[in-house]
There are 2 protein chains.
Amino acid sequence: MPDWEDLRHFVVLAREGTLSAAARALGVDHATVARRVAALEASTGLKLVDRRARTTTLTDDGRRIAAVAAPMEEAAFAVGRAAQAAQPGVDGEVTISAPPTFASAVIAPQLIRLRQRHPGIRIKLIGEKRRASLNRREADLALRLLRPVETALIVRKIGSFGFSLYGTAAYLKETPPHAFAFIGYDATMADSPQEIWLRAIVGTREVVLRTNDLETQIAAARAGLGLAALPHYLGDGEPQLRRHAVAHKPISRDVWLLVHRDLRLVPAVRAVMTFLGECMKAG
Amino acid sequence: MPDWEDLRHFVVLAREGTLSAAARALGVDHATVARRVAALEASTGLKLVDRRARTTTLTDDGRRIAAVAAPMEEAAFAVGRAAQAAQPGVDGEVTISAPPTFASAVIAPQLIRLRQRHPGIRIKLIGEKRRASLNRREADLALRLLRPVETALIVRKIGSFGFSLYGTAAYLKETPPHAFAFIGYDATMADSPQEIWLRAIVGTREVVLRTNDLETQIAAARAGLGLAALPHYLGDGEPQLRRHAVAHKPISRDVWLLVHRDLRLVPAVRAVMTFLGECMKAG
DNA sequence: CGCGAAATATGCGAAATTGCGCAGATCTGC
DNA sequence: GCAGATCTGCGCAATTTCGCATATTTCGCG
């Protein structure tokens with residue numbers, strides 16, 4: 001039986017693709033990953049990776065071994081969750097993953113309430129667009145705008161929010177609707193419901209700014225560049241912006257709260273879940 | 001995620017029950033096991049074992065964690081088998097587990113043939129009464145006298161051998177059958193077919209020696225103490241001993257060859273399996 | 001009640017592991 | 001074609017880890 005730490009490093013290398021990326025993911029030096037993998041190769045008597053400068057490719061044997069070792073990592077994460085689940089009391093650190101603006105505009109302002117209610121809970125709030133893997137315990141809780149399909153996750157709808165067009169009061173007053181300019185997402189978000197909704201409204205008019213960053217859209221709208229489709233929790237918080245009513249059917253997006261099955265009964269996690277539900281009602 | 005080596009030590013401790021036993025099983029010092037487990041407790045924030053002098057008991061949390069971590073060990077063994085299975089050519093070390101007398105009297109004398117045919121194969125021959133776990137890779141191949149029920153194992157009957165009563169020529173000539181003394185197994189082997197067979201023959205006559213060791217029975221028979229029920233592969237090899245025919249129906253026991261599913265196609269393992277089959281025909 | 005076997009705890013020196021810095025190699029963008 | 005960025009490989013020093021020896025505790029047994 002090979003050394004388990006060697007296997008841990010190798011599994012990450014197999015997933016990440018390069019020694020350096022694996023080293024970053026593991027929080028160690030790349031030389032350590034290289035040595036660990038070399039040790040695994042020695043103990044198995046197999047050549048697992050082709051070491052070429054710039055690229056490290058798994059051999060056939062390497063892929064086989066990585067596939068067999070992957071369940072080990074699953075089990076290791078399960079141990080981590082079990083340890084978290086066994087923690088007594090409501091103390092502990094809970095990591096939340098949420099869309100960036102959601103984290104900053106909705107959750108963060110209300111965190112003080114959670115803090116007052118449960119002083120023992122430490123919160124790690126990660127605003128990120130890519131979806132954190134709850135299976136790999138990159139987060140304990142996640143807020144998403146799409147109902148996920150992953151197994152072993154408990155999904156709960158905790159609310160929804162609507163969109164409106166926002167512009168400065170001056171812009172809305174001075175510009176006739178047929179001359180409106182718009183601010184929208186770039187191609188990476190072309191499939192999102194709010195972007196499709198916006199395109200329908202825009203019609204033949206002009207989109208003068210495309211950006212993947214919502215904060216940039218707000219800044220542009222504030223500067224009087226045009227109208228942006230913003231969630232109410234953001235647009236209503238901007239004193240310089242006003243909603244502009246349109247004839248189109250309004251849209252809203254649902255917010256889903258995700259938690260891993262193993263963690264759903266942990267007191268600290270439950271407390272944060274309750275808090276997040278209240279955040280949605282308040283927001 | 002906890003350190004995987006810590007988990008490996010803890011899983012073995014959970015199975016073995018004491019620090020010392022776990023240390024023996026792992027081939028390390030017991031101090032190392034204690035330190036590893038302490039490190040795991042620190043990283044999980046849980047108390048996993050109750051340390052009392054002389055006894056080490058798992059806590060409830062410890063049992064939970066051990067149960068979750070056990071699949072990790074399964075996967076680790078699977079990696080070991082996969083590595084063995086990926087070995088190219090017929091070179092490699094193959095471990096055989098067999099009943100002690102079988103190993104010494106049948107297999108060992110013929111090993112030279114295997115060696116001549118496949119010089120690259122190194123054999124580890126373990127004579128042991130307790131059944132080696134092929135799942136945990138204590139052996140690659142096992143010979144057993146009972147058809148096992150374990151899953152993931154391939155079972156093949158490769159032969160059988162008979163039993164007879166053996167005594168010295170002088171003893172058989174000078175002693176009338178009604179005065180025969182017998183040599184048999186002790187209580188631990190009372191349920192074995194050959195012992196039941198022997199008891200039926202003995203009838204009301206005397207069993208003057210009971211021992212769990214077959215070699216001891218042979219030595220006693222050679223010394224003229226009485227008659228022992230020996231497998232032919234042993235008794236026929238003793239120049240001082242002669243078979244004594246009895247009216248009872250002769251018995252024989254089947255020999256089963258076991259191999260783990262993952263290893264059945266490994267060239268070196270296949271070669272040894274073929275060799276073992278020939279051993280049975282020759283013996 | 002004393003003794004021995006076996007298990008756990010502790011302290012110390014040796015050995016292995018790790019991180020860092022630097023060199024060599026390859027790919028990308030201009 | 002060239003400069004910059006990124007990745008791998010290697011040697012050295014600091015840290016961590018491990019095994020051994022010793023002490024302590026507990027259980028079984030006469």
# chains A, B, ... in the order shown; residues from 1 in each chain; ligands from 1
$ interface_residues --of "chain D" --to "chain B" --cutoff "7 Å" --atoms "only C-alpha atoms (C1' of nucleotides)" --output "PDB file with C-alpha atoms (C1' of nucleotides), in the first residue's frame"
ATOM      1  C1'  DC D  18      10.435   8.992  13.768  1.00  0.00           C
ATOM      2  C1'  DG D  19      12.452   5.245  16.510  1.00  0.00           C
ATOM      3  C1'  DT D  25       0.214   2.460  35.016  1.00  0.00           C
ATOM      4  C1'  DT D  26      -2.858  -1.478  34.881  1.00  0.00           C
TER       5       DT D  26
END
$ closest_atom_pairs --of "chain C" --to "chain A" --cutoff "9 Å" --atoms "only C-alpha atoms (C1' of nucleotides)" --output "tab-separated table"
residue	atom	partner	partner_atom	distance
C:DT17	C1'	A:Thr32	CA	8.7
C:DT18	C1'	A:Thr32	CA	6.9
C:DG19	C1'	A:Asp29	CA	6.6
C:DA25	C1'	A:Ala53	CA	5.9
C:DT26	C1'	A:Arg54	CA	6.0
C:DC27	C1'	A:Arg54	CA	7.6
$ residues_around --residues "range 11-21 of chain B" --least-positions-apart "2" --cutoff "12 Å" --atoms "only C-alpha atoms (C1' of nucleotides)" --output "JSON, numbers by chain"
{"A": [79], "B": [4, 5, 6, 7, 8, 9, 23, 24, 25, 26, 27, 28, 29, 30, 31, 32, 33, 34, 35, 36, 37, 38, 40, 48, 49, 50, 51, 52, 53, 54, 55, 56, 57, 58, 59, 60, 61, 62, 63, 64, 65, 66, 67, 68, 69, 70, 71, 72, 73, 74, 76, 136], "C": [6, 7, 8, 9]}
$ atom_distance --atom1 "CA of Leu134 in chain B" --atom2 "CA of Val259 in chain B"
7.3 Å
$ residues_around --residues "Met1 in chain A" --least-positions-apart "3" --cutoff "9 Å" --atoms "only C-alpha atoms (C1' of nucleotides)" --output "list in words"
Trp4, Ser43 and Thr44 of chain A; Ala76, Phe77, Ala78, Val79, Gly80, Arg81 and Arg137 of chain B
$ select_by_dssp --residues "range 89-160 of chain A" --states "strand (DSSP E)" --output "MDAnalysis selection string"
chainID A and resid 92:98 121:127 141:144 153:160
$ write_last_selection --atoms "C-alpha atoms" --output "JSON list (two decimals), in the first residue's frame"
[["chain", "number", "residue", "atom", "x", "y", "z"],
["A", 92, "GLY", "CA", -17.23, 27.10, 14.48],
["A", 93, "GLU", "CA", -16.31, 28.58, 11.15],
["A", 94, "VAL", "CA", -18.84, 28.52, 8.35],
["A", 95, "THR", "CA", -17.87, 29.34, 4.79],
["A", 96, "ILE", "CA", -20.47, 30.89, 2.50],
["A", 97, "SER", "CA", -20.10, 31.13, -1.25],
["A", 98, "ALA", "CA", -22.36, 33.61, -3.03],
["A", 121, "ILE", "CA", -19.66, 31.64, 14.82],
["A", 122, "ARG", "CA", -16.92, 32.85, 12.52],
["A", 123, "ILE", "CA", -18.02, 33.56, 8.98],
["A", 124, "LYS", "CA", -15.96, 33.25, 5.83],
["A", 125, "LEU", "CA", -17.84, 34.98, 3.03],
["A", 126, "ILE", "CA", -16.56, 34.28, -0.46],
["A", 127, "GLY", "CA", -17.96, 36.27, -3.35],
["A", 141, "LEU", "CA", -23.04, 26.86, 2.23],
["A", 142, "ALA", "CA", -23.63, 28.30, -1.21],
["A", 143, "LEU", "CA", -26.16, 30.68, -2.68],
["A", 144, "ARG", "CA", -26.85, 30.13, -6.35],
["A", 153, "LEU", "CA", -26.60, 18.39, -1.79],
["A", 154, "ILE", "CA", -29.70, 19.69, -0.11],
["A", 155, "VAL", "CA", -31.29, 22.52, -2.08],
["A", 156, "ARG", "CA", -33.78, 25.01, -0.69],
["A", 157, "LYS", "CA", -35.31, 28.03, -2.34],
["A", 158, "ILE", "CA", -34.97, 30.89, 0.10],
["A", 159, "GLY", "CA", -36.32, 33.76, -1.95],
["A", 160, "SER", "CA", -36.13, 35.66, -5.17]]
$ closest_residue --among "C:DG4, C:DG24, C:DG29, C:DG13" --to "DC27 in chain D" --atoms "only C-alpha atoms (C1' of nucleotides)"
C:DG4
$ atom_distance --atom1 "CA of Val208 in chain B" --atom2 "CA of Ala228 in chain B"
10.5 Å
$ residues_around --residues "DG11 in chain C" --least-positions-apart "4" --cutoff "12 Å" --atoms "only C-alpha atoms (C1' of nucleotides)" --output "list in words"
Ala31 of chain B; DC20, DA21, DT22 and DA23 of chain D
